[in-house]
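Colleague: Below are the C-alpha cells for one structure; questions will follow.
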Amino acid sequence: MKLFIDNKLPAPEGWTLVTNYEDAITTVMMESVTAISFAHDLGAGATGTDIAKFIEHAANDHTLPPITWGVHRANPAGRAEIIWAMMGADRAWNPPTPAPVAE
C-alpha cells in the first residue's frame, strides 16, 4: 500500500489517503505500507513530523519494515524535520556495513 498523508490534497491514483496522525499511525502499523508521501501541516494537532518521528522510533525498535518515502508538501522547517526523522529510519533499516579491518 502507498500512503499519502495530507489533509488538503487528494491522493494520486493508486495511493491511499489519510488526513491525520491517528489514521496514519494505525495504517502504518496494521497494513503493509511500502511507500509514504508526507505533508507537514495537517490542521490542528499532530504534524507530518510527528508521524515521521513515530516511524523513526519503530524502525529503530525493529517493529516496522523499510518504507520508501518522500515529502510532497511542507513548509521549509517542516520538510527538514520530516527528512531528518526519515533519514534516521533509513539508517535503522539499512545500517552501514563496517569496513574490514586490515590485518
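Every chain in the C-alpha cells takes a letter, A first, then B, and so on in the order presented; its residues are numbered from 1, and the ligands are numbered from 1 following the presented order.
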Looking only at helix (DSSP H, G or I) from DSSP on the backbone, list the matching residues of chain A as a count of residues only.
Modeller: 41
Colleague: Using only C-alpha atoms, which protein or nucleic acid residues come within 10 Å of Glu56 in chain A? Drop anything in the same chain fewer than 2 positions from it, and give the result as a ChimeraX atom specification.
Modeller: /A:50-54,58-62,64,82,84-93
Colleague: Going by DSSP on the backbone, which bits of range 8-99 of chain A are strand (DSSP E)? Write them as a ChimeraX atom specification, please.
Modeller: /A:16-18,35-39,68-73
Colleague: Any chance you can output those residues with N, CA and C atoms as an mmCIF file, in the first residue's frame?
Modeller:
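Wrote it out as out29.cif, contents follow:
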```cif
data_model
loop_
_atom_site.group_PDB
_atom_site.id
_atom_site.type_symbol
_atom_site.label_atom_id
_atom_site.label_comp_id
_atom_site.auth_asym_id
_atom_site.auth_seq_id
_atom_site.Cartn_x
_atom_site.Cartn_y
_atom_site.Cartn_z
ATOM 1 N N THR A 16 -3.395 5.564 -1.030
ATOM 2 C CA THR A 16 -4.437 5.642 -0.008
ATOM 3 C C THR A 16 -4.247 6.923 0.779
ATOM 4 N N LEU A 17 -5.308 7.705 0.900
ATOM 5 C CA LEU A 17 -5.256 8.984 1.607
ATOM 6 C C LEU A 17 -5.538 8.800 3.094
ATOM 7 N N VAL A 18 -4.705 9.405 3.927
ATOM 8 C CA VAL A 18 -5.011 9.594 5.352
ATOM 9 C C VAL A 18 -4.793 11.067 5.655
ATOM 10 N N ALA A 35 5.236 2.607 0.726
ATOM 11 C CA ALA A 35 5.676 3.966 0.392
ATOM 12 C C ALA A 35 4.788 4.974 1.118
ATOM 13 N N ILE A 36 5.396 6.104 1.485
ATOM 14 C CA ILE A 36 4.662 7.192 2.145
ATOM 15 C C ILE A 36 5.074 8.506 1.495
ATOM 16 N N SER A 37 4.077 9.360 1.258
ATOM 17 C CA SER A 37 4.345 10.720 0.832
ATOM 18 C C SER A 37 3.755 11.645 1.893
ATOM 19 N N PHE A 38 4.597 12.526 2.440
ATOM 20 C CA PHE A 38 4.219 13.357 3.579
ATOM 21 C C PHE A 38 3.820 14.773 3.197
ATOM 22 N N ALA A 39 2.823 15.294 3.880
ATOM 23 C CA ALA A 39 2.622 16.731 4.048
ATOM 24 C C ALA A 39 2.979 16.998 5.505
ATOM 25 N N THR A 68 9.708 3.227 1.580
ATOM 26 C CA THR A 68 10.230 4.340 0.800
ATOM 27 C C THR A 68 9.373 5.561 1.110
ATOM 28 N N TRP A 69 9.950 6.739 0.967
ATOM 29 C CA TRP A 69 9.218 7.930 1.409
ATOM 30 C C TRP A 69 9.632 9.163 0.614
ATOM 31 N N GLY A 70 8.764 10.170 0.701
ATOM 32 C CA GLY A 70 9.034 11.470 0.110
ATOM 33 C C GLY A 70 8.181 12.509 0.808
ATOM 34 N N VAL A 71 8.458 13.770 0.541
ATOM 35 C CA VAL A 71 7.699 14.881 1.115
ATOM 36 C C VAL A 71 7.118 15.665 -0.058
ATOM 37 N N HIS A 72 5.803 15.686 -0.165
ATOM 38 C CA HIS A 72 5.192 16.373 -1.302
ATOM 39 C C HIS A 72 4.728 17.791 -0.971
ATOM 40 N N ARG A 73 4.598 18.101 0.321
ATOM 41 C CA ARG A 73 4.115 19.431 0.690
ATOM 42 C C ARG A 73 4.518 19.706 2.130
#
```
Colleague: Between A:Asn94, A:Asn7, A:Thr63, A:Asn75, which has the minimum distance to Ala24 in chain A (counting only C-alpha atoms)?
Modeller: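 Among the listed residues, A:Asn7 lies closest to Ala24 in chain A.
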Colleague: If we count only C-alpha atoms and set the cut-off at 12 Å, which residues sit around Ala74 in chain A, ignoring sequence neighbours fewer than 5 positions away in its own chain? Please answer as a PyMOL selection string.
Modeller: chain A and resi 5-8+37-42+47-49+79-83
Colleague: For Met1 in chain A, which residue out of A:Ala77, A:Ala44, A:Met30, A:Ala99 is the nearest one, using only C-alpha atoms?
Modeller: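 Using only C-alpha atoms, Met1 in chain A sits closest to A:Met30.
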